[in-house]
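Structure first, commentary second.
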Amino acid sequence: MGSPPSSRFVILSFLFFGLLALNQCSGTEIDAMVASLHVDASEASAKKIPDSLFGLFFEEINHAGSGGLWAELVSNRGFEAGGPNTPSNIDPWSIIGDESSLTVSTDRSSCFDRNKIALRLDVHCGSGGANTCTNGGVGVYNPGFWGMNIQDGKSYKLVFYVRSPESIHVSVSLTGSTGQQKLASADIIVDGVSNWTKMEVLLEAKGTDPKSRLELTTTKNGVIWFDQVSLMPVDTFKGHGFRNDLFDMLKQLKPGFLRFPGGCFVEGEWLRNAFRWKETIGPWEERPGHFGDVWKYWTDDGLGHLEFLQLAEDLGALPVWVFNNGISHQDQVDTSLISPFLQEILDGIEFARGDPNSTWGSVRAALGHPEPFDLRYVAIGNEDCWKSKYQGNYLKFHAAIKQAYPDINIISNCDGSSKPLNHPADLYDFHIYSSASDVFSLNTKFDHVSRSGPKAFISEYAVTERKDCGTGSLLAAVAEAGFLIGVERNSDAIEMASYAPLFVNVNDRWWNPDAIVFSSSQHYGTPSYWMQHFFRESNGATLLSSTLQSNISSSLVTSAITWKNSEDNQEYLRIKAVNFGAKNVTLTITVHGFEQNSIQLLGNAITVLTSSNVMDENSFNKPTKVAPIETKLQGVEKMDAVMLPPYSITAVDFLLKPANIRPVGSDSALKSSY
C-alpha cells in the first residue's frame with residue numbers, strides 16, 4: 001500500500017479479483033501490462049466540467065421519430081405522403097374487399113387547407129340483397145410502421161375526420177396482422193355528417209399483437225370520405241406523445257443537451273423539402289407534413305418544433321436548435337435574398353423563448369406552454385461550411401440573432417480546431433466518423449487547441465467503418481469511450497459532445513451503427529449506448545488533474561473526476577480507464593490532495609463494459625450481451641491493483657467520506673444502476 005497517509009496525502013490501491021479471469025483475446029495468457037495513474041485532487045488543479053458536456057443528438061433518420069419515439073401508430077395518417085396531386089399513392093393503407101364491392105380513390109376535398117388530400121370510399125355492396133358485403137365489411141386498413149404494438153389492457157385514442165351525404169355505419173377495429181384476431185372494436189353510427197366531422201373513440205385492447213393493424217370498415221352502400229386518421233397510445237410520457245420505453249432509454253443517459261432536428265434532415269436534398277418549423281406547430285391535423293428527401297421517407301411532423309423543445313425540457317436537457325440557413329445539399333439562397341429565411345429563424349427563437357405576450361411567444365402559450373423554453377444555443381446550418389453561400393448567410397444570421405438575443409450561443413459549421421475561424425462564433429461544430437483506431441487516437445485531438453477562442457461542439461461522433469462497428473460492436477464502443485476520455489479531459493476547450501445517430505428502426509436502417517435499435521414492440525441499446533452510461537455523471541462534475549505512466553499509452557487512456565450522486569446526495573471519486581489493447585493491464589492508482597480519511601471503502605463499485613469478442617453485439621434476443629456489469633466492493637479487503645481486461649471500459653467509484661459516515665454494510669451504499 002506504500003507510505004501511510006499524511007494529512008494531505010492519500011494513496012489508493014485496489015484489486016478487482018473477478019476481472020483477472022477475463023481475457024478475451026489472449027486465450028489462457030494472463031500476463032498483464034502495467035500502468036500507474038497519479039491523481040492530483042487539490043483544488044488548485046481541479047476544473048469544473050460544463051453542465052452540458054455530454055448530451056444527445058436527435059435526427060429524423062431511420063424512422064427515429066416518425067414510427068419511433070413519436071408514439072403515433074398510423075403511418076401516412078393524412079393520406080398526403082403520395083403528394084398533393086390526385087390520384088395519389090396512399091401507401092401503406094391497403095384495401096379490404098375487391099373491386100366489385102369497393103372503389104378507393106383520393107381527391108382534394110379535405111377541410112384542411114394545408115392538407116387537401118382526402119380518402120374516398122365508394123362502397124358498392126350493402127348489408128343485404130344481391131351484392132352483400134363480405135362478413136366484417138369492406139374498407140381500408142393501416143399496418144402502421146411495420147406493425148402496431150397493441151397490448152392487452154391498454155387504451156388507444158382513435159381520432160379521424162369523416163363525411164358522407166348519408167348516415168354512416170363504420171366499424172373501427174384493432175386486429176392482428178392478418179385481420180383475423182380482433183383486439184378492440186367500436187361501431188360508429190351517425191346521421192348528419194354531410195360536412196367534415198371529427199370522431200374520437202377510445203379503444204381498450206383485449207389482446208396483444210406487436211404486428212397489429214387499424215381497420216375502418218362498413219357494410220353500408222354509399223360514399224364515405226376519411227381524413228386525418230390518428231391512433232395514439234394513451235400512456236405516452238406525461239401525455240406529451242413520446243413512446244415511454246424509448247424515452248426512458250434517453251432519460252437514463254442524463255443528457256445535458258438535446259440537439260435537434262438534424263443533421264441532413266434540416267437541410268434537405270433540396271430546399272423545398274427542408275424542415276420548416278412553422279409547418280410543424282399547431283393542431284396535428286393542420287400540419288402539412290413533408291417528404292424528407294435525404295432519408296427518403298414521409299413524416300407527418302407530429303414531432304415538430306414544439307415537441308422537440310418539450311422533449312428537451314422533459315429530459316432536463318438544454319435545447320440546441322439546428323436551423324436551415326438557406327442551404328440544402330443541392331441548392332442555395334444568395335445572401336442578398338436571405339432576409340425571409342432570417343426572419344423565419346428569429347420568429348422561431350421568439351416562439352421558443354419569447355414572452356407570452358410577444359407575437360410568437362403568444363402562439364406557444366396558446367399551444368399549452370406559457371413559460372419560455374431555455375433556448376441558449378442555436379446552430380446556423382449543418383455541415384455547410386464549404387458551400388459558397390454559407391459565409392455570407394452565416395454573417396447575416398449571426399448579426400441579426402446577436403442583436404435580438406445577445407446571450408444566445410451561436411454555433412458555426414466551420415471547424416476551428418486546426419486554425420482560427422475567420423468569422424465570429426461562440427462554438428464551432430466538429431464531426432468525426434471513422435475507423436475504431438482513428439476515433440480512439442483522437443483522444444488527444446484537443447490537447448493543444450486554443451483555450452481563448454470559440455469552444456468545440458462535437459455534435460456527431462461514431463465509429464462507422466463496417467469492419468470495426470458491424471451494426472454496433474464492443475470494439476466501436478471502446479474506441480468511442482477512449483475518444484470521450486479526451487473530450488472530458490479537454491472540457492475547458494469543448495462545450496458539448498453527442499453520439500450519432502441516436503435511433504434506428506430495425507426495418508429502415510439508413511445509417512449504421514446507431515445507439516438504440518427498436519421495432520414496434522422491442523428495443524435495445526448497442527454497446528455504444530451503454531458506453532455513454534460511463535459519462536453520464538460527468539456533466540457538472542469536477543475534473544481532477546491526472547498523469548498516466550505507461551509504455552502502452554497508445555492503447556490506454558484514463559481520467560479522474562469527483563461527482564455528486566443525486567440519489568444519495570453523496571460525493572464520489574470516479575476513475576475511468578479505457579483499455580484499447582489486446583492484453584490485460586494492471587493499473588495502480590495514487591491520489592494526492594484529499595484530506596486524511598476523506599475516502600471510505602463504503603459503497604465502492606467497479607463497473608466494466610467488455611465481452612468475450614471485440615465484435616460482439618447486442619440484439620433483441622440478447623439485449624444486454626454487451627452491457628456494463630457493476631460489482632460492489634464491501635469491507636476493507638487488501639487491494640493492490642485494478643485489472644483492466646482487453647478492450648474494456650472500467651469505472652471505479654469511491655465514496656468521499658462525509659463528516660458523519662454510516663458504517664460499512666449500511667443501506668447507504670450506492671445502488672446498482674444496471
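Just so we're on the same page: first chain in the C-alpha cells is A, next is B, and so on; residues restart at 1 for each chain, and ligands are numbered from 1 in the order they show up.
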
Test item, strand (DSSP E) assignment across range 194-333 of chain A, answer as an MDAnalysis selection string: chainID A and resid 197:204 209:218 222:233 257:260 290:292 297:299 318:323

Compile a residue-level contact table for range 145-256 of chain A against range 508-515 of chain A at a cut-off of 12 Å, reporting for every qualifying residue the shortest atom pair and its distance in Å to one decimal, with only C-alpha atoms counted, rows ordered by chain and ascending number, as a tab-separated table.
```
residue	atom	partner	partner_atom	distance
A:Phe145	CA	A:Asp508	CA	9.9
A:Trp146	CA	A:Asp508	CA	9.7
A:Leu246	CA	A:Ala515	CA	11.5
A:Met249	CA	A:Ala515	CA	10.0
A:Leu250	CA	A:Ala515	CA	10.1
A:Leu253	CA	A:Ala515	CA	11.4
```

Just-selected residues, N, CA and C atoms written as a compact mmCIF listing (two decimals), in the first residue's frame:
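Everything below was put into result.txt:
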```
# COMPACT_ATOMS: atom_id res chain seq x y z
N PHE A 145 -46.27 1.46 -38.71
CA PHE A 145 -44.86 1.43 -39.10
C PHE A 145 -44.33 0.01 -38.86
N TRP A 146 -44.59 -0.86 -39.84
CA TRP A 146 -44.19 -2.27 -39.75
C TRP A 146 -44.86 -2.95 -38.55
N LEU A 246 -38.75 4.13 -25.20
CA LEU A 246 -37.65 4.81 -25.88
C LEU A 246 -37.26 6.09 -25.15
N MET A 249 -34.96 5.23 -22.31
CA MET A 249 -33.58 4.97 -22.73
C MET A 249 -32.79 6.28 -22.80
N LEU A 250 -33.44 7.33 -23.27
CA LEU A 250 -32.77 8.64 -23.33
C LEU A 250 -32.58 9.21 -21.93
N LEU A 253 -29.55 8.32 -19.78
CA LEU A 253 -28.24 8.89 -20.11
C LEU A 253 -27.99 10.24 -19.43
```

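The space between CA of Val504 in chain A and CA of Asn62 in chain A spans 4.8 Å.
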
Distance of CA of Thr106 in chain A from CA of Trp270 in chain A, expressed in Å to one decimal place: 26.8 Å

Which of A:Val104, A:Val140, A:Ala477, A:Ile649 sits closest to Asn618 in chain A [using only C-alpha atoms]: A:Ala477

Test item, helix (DSSP H, G or I) assignment across range 371-517 of chain A, answer as a PyMOL selection string: chain A and resi 390-404+436-444+466-469+474-489

Create the file for the chosen residues now, containing C-alpha atoms and written as a PDB file, in the first residue's frame.
```
ATOM      1  CA  TYR A 390     -22.505  29.847 -46.207  1.00  0.00           C
ATOM      2  CA  GLN A 391     -20.136  32.577 -45.041  1.00  0.00           C
ATOM      3  CA  GLY A 392     -22.342  35.382 -46.312  1.00  0.00           C
ATOM      4  CA  ASN A 393     -25.542  33.824 -44.988  1.00  0.00           C
ATOM      5  CA  TYR A 394     -23.900  32.954 -41.667  1.00  0.00           C
ATOM      6  CA  LEU A 395     -22.809  36.539 -41.027  1.00  0.00           C
ATOM      7  CA  LYS A 396     -26.341  37.803 -41.701  1.00  0.00           C
ATOM      8  CA  PHE A 397     -27.855  35.296 -39.263  1.00  0.00           C
ATOM      9  CA  HIS A 398     -25.159  35.907 -36.652  1.00  0.00           C
ATOM     10  CA  ALA A 399     -25.598  39.680 -36.680  1.00  0.00           C
ATOM     11  CA  ALA A 400     -29.393  39.577 -36.517  1.00  0.00           C
ATOM     12  CA  ILE A 401     -29.564  36.949 -33.769  1.00  0.00           C
ATOM     13  CA  LYS A 402     -26.937  38.645 -31.621  1.00  0.00           C
ATOM     14  CA  GLN A 403     -28.747  41.967 -31.970  1.00  0.00           C
ATOM     15  CA  ALA A 404     -32.055  40.467 -30.835  1.00  0.00           C
ATOM     16  CA  ALA A 436     -12.021   2.415 -34.416  1.00  0.00           C
ATOM     17  CA  SER A 437      -8.293   3.131 -34.351  1.00  0.00           C
ATOM     18  CA  ASP A 438      -8.757   6.629 -35.756  1.00  0.00           C
ATOM     19  CA  VAL A 439     -11.536   7.538 -33.323  1.00  0.00           C
ATOM     20  CA  PHE A 440      -9.568   6.235 -30.346  1.00  0.00           C
ATOM     21  CA  SER A 441      -6.433   8.127 -31.426  1.00  0.00           C
ATOM     22  CA  LEU A 442      -8.403  11.382 -31.455  1.00  0.00           C
ATOM     23  CA  ASN A 443      -8.446  11.362 -27.645  1.00  0.00           C
ATOM     24  CA  THR A 444      -5.530  13.793 -27.919  1.00  0.00           C
ATOM     25  CA  ARG A 466     -18.029  -1.536 -41.164  1.00  0.00           C
ATOM     26  CA  LYS A 467     -15.233  -3.971 -40.310  1.00  0.00           C
ATOM     27  CA  ASP A 468     -14.938  -2.302 -36.879  1.00  0.00           C
ATOM     28  CA  CYS A 469     -18.522  -1.484 -35.996  1.00  0.00           C
ATOM     29  CA  LEU A 474     -17.842  -3.670 -28.457  1.00  0.00           C
ATOM     30  CA  LEU A 475     -14.794  -2.524 -30.439  1.00  0.00           C
ATOM     31  CA  ALA A 476     -16.601   0.590 -31.625  1.00  0.00           C
ATOM     32  CA  ALA A 477     -17.824   1.403 -28.114  1.00  0.00           C
ATOM     33  CA  VAL A 478     -14.362   1.077 -26.556  1.00  0.00           C
ATOM     34  CA  ALA A 479     -12.811   3.310 -29.220  1.00  0.00           C
ATOM     35  CA  GLU A 480     -15.527   5.922 -28.693  1.00  0.00           C
ATOM     36  CA  ALA A 481     -15.039   5.780 -24.926  1.00  0.00           C
ATOM     37  CA  GLY A 482     -11.343   6.464 -25.419  1.00  0.00           C
ATOM     38  CA  PHE A 483     -12.247   9.486 -27.518  1.00  0.00           C
ATOM     39  CA  LEU A 484     -14.655  10.735 -24.830  1.00  0.00           C
ATOM     40  CA  ILE A 485     -11.953  10.447 -22.175  1.00  0.00           C
ATOM     41  CA  GLY A 486     -10.098  13.013 -24.262  1.00  0.00           C
ATOM     42  CA  VAL A 487     -13.251  15.128 -24.522  1.00  0.00           C
ATOM     43  CA  GLU A 488     -13.665  15.035 -20.757  1.00  0.00           C
ATOM     44  CA  ARG A 489     -10.003  15.845 -20.182  1.00  0.00           C
TER      45      ARG A 489
END
```
